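Chemist: Shown below is the structure under consideration.
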Amino acid sequence: MVGYAFMGAAHSQAWRTVNRVFDLPARASMVAVCGRDEAKVAEAAARLGWAEAVTDWRELIARDDIDVIDVCTPGDSHAEIAIAALEAGKHVLCEKPLANTVEEARAMVAAAVKARTVGVRSACGFNYRRVPAVSLMRNLIAAGRIGAIRHVRAVYLQDWIVDPNFPLVWRLQKDKAGSGALGDIGAHIIDLTQFVTGQRITGVSGLTETFIKERPLVEASAGLSASAGSATGEVTVDDAALFIARLDGGAVATYEATRFATGRKNGLRVEVNGEYGSIAFDLERLNELEFYDATQPAAEQGWSRILVTEGDHPYMGAWWPPGHIIGYEHSFTHEMRDFIEAVATGADPTPSFEDALQVQLVLDAVARSDASWVSVAP
């Protein structure tokens, strides 16, 4: 694994757990983790369960005892690491968004396609696909339970940078992160809505905004936490992004991604309205689905709550008795389960780099559409 902060910790927990929960055709051995700071990566290896710590990712892809490279770094290094790993014959799991630019994403897809011809697999880590309630949502929509889709409504709301004195961490710098709320959390709801509906976004019109233009420079940083110094630097990404979209199945959609929604910590919600009913998912209630069945008699219609903990619900058969809920970290365990099973059986894991490129194309289209603005006449 390359990188050991927030996502590295989440992935490590999943690699530690996956074979203890699921019966899989291969076992994951946590051979080595890589980071630039020798002391910090050594501490992370001991804490997260990795056998070794190294400071050069090139060492990992040159080793014969490593089959998989898990990329958990900022977006500016995804393409270089993933392409080199694929060319070295290593299977690759890469965190989202796939890259910082469409050009980088296309290069990664080309490398993945070439590697696939010799049995080398790749996938992008959109973990919310692996929440059981989200998988059930997709299954119900695919089964026609809400009929033809009319509306898709998606928001991802956070507030962790509301304070203007929060420092200029890498996620607020375009050269490292690619974009702000748009790519960081907007990518999640783009992928999630396309996943559950089976429809792709074909056109967008959007806007982005940066509310705080300057922030204190970082003195120390770990994951999403950091301390600030007295000097300041320019924020070069968006703080909020909103857009409308058309999907290829005829649905229309709205999206909002912001890190300035005061009081919202990790508020992802998706609602899909169809001709026969509606279905909604809220990440802060991730063991539940809301379902409205308009085919029932009018006197019996109303929103119902589905508790997604039954043994025949997606992934849940490996966990606890019905009613015993799971959490955020389990989505990563399910991600590793699907990745291991696909690689071990010679299948192509999902979402593919091609799927992730499509999300990148939407992000790019939203960013470009922000340049067009029609003023309301006085």
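Please note that chains go A, B, ... in the order of the structure tokens, that every chain numbers its residues from 1, and that ligands are numbered from 1 in the order shown.
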List the spatial neighbours of Val33 in chain A as a ChimeraX atom specification - criterion: any atom at most 9 Å away, only C-alpha atoms, same-chain residues fewer than 5 positions off excluded.

Modeler: /A:1-4,41-42,44-45,50-55,57,60

Chemist: Store the residues picked out above, limited to N, CA, C and O atoms, as a PDB file, in the first residue's frame.

Modeler:
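Written output follows (selection-v3.pdb):
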ATOM      1  N   MET A   1       0.847  -1.175   0.000  1.00  0.00           N
ATOM      2  CA  MET A   1       0.000   0.000   0.000  1.00  0.00           C
ATOM      3  C   MET A   1       0.889   1.233   0.000  1.00  0.00           C
ATOM      4  O   MET A   1       1.859   1.307   0.745  1.00  0.00           O
ATOM      5  N   VAL A   2       0.536   2.215  -0.818  1.00  0.00           N
ATOM      6  CA  VAL A   2       1.276   3.479  -0.878  1.00  0.00           C
ATOM      7  C   VAL A   2       0.393   4.552  -0.254  1.00  0.00           C
ATOM      8  O   VAL A   2      -0.693   4.846  -0.767  1.00  0.00           O
ATOM      9  N   GLY A   3       0.866   5.157   0.850  1.00  0.00           N
ATOM     10  CA  GLY A   3       0.073   6.121   1.594  1.00  0.00           C
ATOM     11  C   GLY A   3      -0.525   5.460   2.828  1.00  0.00           C
ATOM     12  O   GLY A   3      -0.939   4.302   2.783  1.00  0.00           O
ATOM     13  N   TYR A   4      -0.577   6.226   3.946  1.00  0.00           N
ATOM     14  CA  TYR A   4      -0.994   5.591   5.202  1.00  0.00           C
ATOM     15  C   TYR A   4      -1.849   6.500   6.087  1.00  0.00           C
ATOM     16  O   TYR A   4      -2.037   6.216   7.263  1.00  0.00           O
ATOM     17  N   VAL A  41       6.189   6.429   8.585  1.00  0.00           N
ATOM     18  CA  VAL A  41       5.679   5.235   7.915  1.00  0.00           C
ATOM     19  C   VAL A  41       6.002   3.983   8.720  1.00  0.00           C
ATOM     20  O   VAL A  41       5.226   3.018   8.716  1.00  0.00           O
ATOM     21  N   ALA A  42       7.111   3.982   9.449  1.00  0.00           N
ATOM     22  CA  ALA A  42       7.435   2.843  10.312  1.00  0.00           C
ATOM     23  C   ALA A  42       6.415   2.731  11.439  1.00  0.00           C
ATOM     24  O   ALA A  42       5.953   1.626  11.770  1.00  0.00           O
ATOM     25  N   ALA A  44       3.360   3.881  11.292  1.00  0.00           N
ATOM     26  CA  ALA A  44       2.097   3.493  10.669  1.00  0.00           C
ATOM     27  C   ALA A  44       2.059   1.998  10.378  1.00  0.00           C
ATOM     28  O   ALA A  44       1.023   1.345  10.571  1.00  0.00           O
ATOM     29  N   ALA A  45       3.167   1.441   9.922  1.00  0.00           N
ATOM     30  CA  ALA A  45       3.224   0.006   9.631  1.00  0.00           C
ATOM     31  C   ALA A  45       2.925  -0.801  10.883  1.00  0.00           C
ATOM     32  O   ALA A  45       2.141  -1.760  10.852  1.00  0.00           O
ATOM     33  N   TRP A  50       1.116  -3.710   8.963  1.00  0.00           N
ATOM     34  CA  TRP A  50       1.962  -4.054   7.825  1.00  0.00           C
ATOM     35  C   TRP A  50       3.291  -4.624   8.310  1.00  0.00           C
ATOM     36  O   TRP A  50       3.858  -4.165   9.304  1.00  0.00           O
ATOM     37  N   ALA A  51       3.799  -5.625   7.586  1.00  0.00           N
ATOM     38  CA  ALA A  51       5.022  -6.296   8.010  1.00  0.00           C
ATOM     39  C   ALA A  51       6.248  -5.413   7.868  1.00  0.00           C
ATOM     40  O   ALA A  51       7.184  -5.500   8.665  1.00  0.00           O
ATOM     41  N   GLU A  52       6.270  -4.545   6.842  1.00  0.00           N
ATOM     42  CA  GLU A  52       7.430  -3.705   6.583  1.00  0.00           C
ATOM     43  C   GLU A  52       6.989  -2.284   6.227  1.00  0.00           C
ATOM     44  O   GLU A  52       5.848  -2.058   5.823  1.00  0.00           O
ATOM     45  N   ALA A  53       7.958  -1.363   6.345  1.00  0.00           N
ATOM     46  CA  ALA A  53       7.751   0.018   5.914  1.00  0.00           C
ATOM     47  C   ALA A  53       8.878   0.407   4.975  1.00  0.00           C
ATOM     48  O   ALA A  53      10.048   0.111   5.236  1.00  0.00           O
ATOM     49  N   VAL A  54       8.528   1.073   3.859  1.00  0.00           N
ATOM     50  CA  VAL A  54       9.529   1.547   2.905  1.00  0.00           C
ATOM     51  C   VAL A  54       9.217   3.002   2.559  1.00  0.00           C
ATOM     52  O   VAL A  54       8.115   3.485   2.807  1.00  0.00           O
ATOM     53  N   THR A  55      10.194   3.693   1.970  1.00  0.00           N
ATOM     54  CA  THR A  55      10.006   5.104   1.642  1.00  0.00           C
ATOM     55  C   THR A  55      10.002   5.381   0.141  1.00  0.00           C
ATOM     56  O   THR A  55       9.885   6.528  -0.273  1.00  0.00           O
ATOM     57  N   TRP A  57       8.050   3.975  -3.334  1.00  0.00           N
ATOM     58  CA  TRP A  57       7.060   3.045  -3.883  1.00  0.00           C
ATOM     59  C   TRP A  57       7.619   2.199  -5.016  1.00  0.00           C
ATOM     60  O   TRP A  57       7.103   1.113  -5.307  1.00  0.00           O
ATOM     61  N   LEU A  60       8.409  -1.256  -4.035  1.00  0.00           N
ATOM     62  CA  LEU A  60       7.280  -2.189  -3.934  1.00  0.00           C
ATOM     63  C   LEU A  60       6.998  -2.879  -5.262  1.00  0.00           C
ATOM     64  O   LEU A  60       6.786  -4.086  -5.316  1.00  0.00           O
TER      65      LEU A  60
END

Chemist: For range 269-285 of chain A, list every protein, DNA or RNA residue within 6 Å, evaluated using only C-alpha atoms, and leave out those in the same chain fewer than 3 positions away; present the list as number ranges by chain.

Modeler: A: 146-155, 288-295

Chemist: Using only C-alpha atoms, can you tell me which of A:Asn165, A:Thr17, A:Asn127, A:Thr101 comes closest to Phe332 in chain A?

Modeler: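 Checking each of A:Asn165, A:Thr17, A:Asn127, A:Thr101 against Phe332 in chain A, counting only C-alpha atoms, the winner is A:Asn127.
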
Chemist: Nearest to Ser135 in chain A: which of A:Phe195, A:Tyr328, A:Phe22, A:Phe211 is it, counting only C-alpha atoms?

Modeler: A:Phe195

Chemist: Suppose you want the space between CA of Val92 in chain A and CA of Arg121 in chain A; what is it in Å?

Modeler: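 If I compute the distance from CA of Val92 in chain A to CA of Arg121 in chain A, I get 6.5 Å.
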
Chemist: Per DSSP on the backbone, what are the alpha helix (DSSP H) residues of range 59-271 of chain A, as a PyMOL selection string?

Modeler: chain A and resi 59-62+78-87+102-116+132-142+174-177+181+187-197

Chemist: Any chance you could list, as number ranges by chain, the residues in range 121-300 of chain A that come up strand (DSSP E) when DSSP is run on the backbone?

Modeler: A: 122-125, 149-157, 201-209, 214-222, 225-234, 240-247, 252-258, 267-274, 277-282, 288-293

Chemist: Can you tell me which residues surround Ala241 in chain A at a distance of at most 8 Å, considering only C-alpha atoms, apart from same-chain residues fewer than 4 positions away, and format the answer as an mmCIF file with C-alpha atoms, in the first residue's frame?

Modeler:
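Final output, out23.cif:
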data_model
loop_
_atom_site.group_PDB
_atom_site.id
_atom_site.type_symbol
_atom_site.label_atom_id
_atom_site.label_comp_id
_atom_site.auth_asym_id
_atom_site.auth_seq_id
_atom_site.Cartn_x
_atom_site.Cartn_y
_atom_site.Cartn_z
ATOM 1 C CA ALA A 181 -15.387 19.458 -3.021
ATOM 2 C CA LEU A 182 -16.162 18.643 -6.664
ATOM 3 C CA GLY A 186 -18.711 15.102 -5.692
ATOM 4 C CA GLY A 206 -22.793 23.694 -13.051
ATOM 5 C CA LEU A 207 -21.119 26.258 -10.871
ATOM 6 C CA THR A 208 -18.331 26.182 -8.314
ATOM 7 C CA GLU A 209 -17.399 28.630 -5.580
ATOM 8 C CA GLU A 256 -24.489 19.390 -4.651
ATOM 9 C CA ALA A 257 -21.078 18.857 -3.058
ATOM 10 C CA THR A 258 -19.797 21.219 -0.397
#

Chemist: If we count only C-alpha atoms and set the cut-off at 6 Å, which residues sit around Lys90 in chain A, ignoring sequence neighbours fewer than 4 positions away in its own chain? Please answer as a ChimeraX atom specification.

Modeler: /A:67-68,85-86

Chemist: Using only C-alpha atoms, which protein or nucleic acid residues come within 10 Å of Arg129 in chain A? Drop anything in the same chain fewer than 3 positions from it, and give the result as number ranges by chain.

Modeler: A: 125-126, 132-135, 138, 188, 191-193, 195-196, 331-332, 334-335, 350-351

Chemist: Taking only C-alpha atoms into account, which of A:Trp303, A:Phe243, A:Tyr315, A:Phe260 comes nearest Val362 in chain A?

Modeler: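 Closest to Val362 in chain A, using only C-alpha atoms: A:Phe243.
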
Chemist: Which residue, A:Val120, A:Ala344, A:Val21, A:Met7, has the smallest gap to Lys96 in chain A when you use only C-alpha atoms?

Modeler: A:Met7

Chemist: Could you give me, as a ChimeraX atom specification, the residues within 10 Å of Arg116 in chain A, counting only C-alpha atoms and dropping anything in the same chain fewer than 4 positions from it?

Modeler: /A:86,89,91,110-112,120-122,346-348

Chemist: In Å to one decimal, how far is CA of Ala177 in chain A from CA of Val162 in chain A?

Modeler: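 Distance reported for this atom pair: 18.5 Å.
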
Chemist: Please list as a list in words every residue within 7 Å of Val18 in chain A, counting only C-alpha atoms and excluding residues in the same chain fewer than 4 positions away.

Modeler: Ala14, Phe22, Thr333, Met336 and Arg337 of chain A

Chemist: Which residue is closest to Val252 in chain A? Choose from A:Ser29, A:Thr117, A:Gln13, A:Gln199 and count only C-alpha atoms.

Modeler: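 Comparing A:Ser29, A:Thr117, A:Gln13, A:Gln199 against Val252 in chain A, the winner is A:Gln199.
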
Chemist: Between CA of Asp312 in chain A and CA of Arg130 in chain A, what is the distance in Å, rounded to a tenth?

Modeler: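 Between CA of Asp312 in chain A and CA of Arg130 in chain A the gap works out to 14.9 Å.
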
Chemist: For the interface of range 8-127 of chain A with range 166-173 of chain A (cut-off 12 Å, counting only C-alpha atoms), please tabulate each contacting residue of range 8-127 of chain A alongside its nearest pair of atoms and their separation in Å to one decimal, rows sorted by chain and increasing number, as a Markdown table.

Modeler:
| residue | atom | partner | partner_atom | distance |
| --- | --- | --- | --- | --- |
| A:Thr73 | CA | A:Trp170 | CA | 10.9 |
| A:Pro74 | CA | A:Trp170 | CA | 7.9 |
| A:Gly75 | CA | A:Arg171 | CA | 9.4 |
| A:Asp76 | CA | A:Trp170 | CA | 10.2 |
| A:Asn100 | CA | A:Gln173 | CA | 11.3 |

Chemist: Between A:Ile244, A:Leu48, A:Ala79, A:Ala299, which one has atoms that come closest to Phe353 in chain A, using only C-alpha atoms?

Modeler: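 Answer, going by the shortest atom-to-atom distance: A:Ala79.
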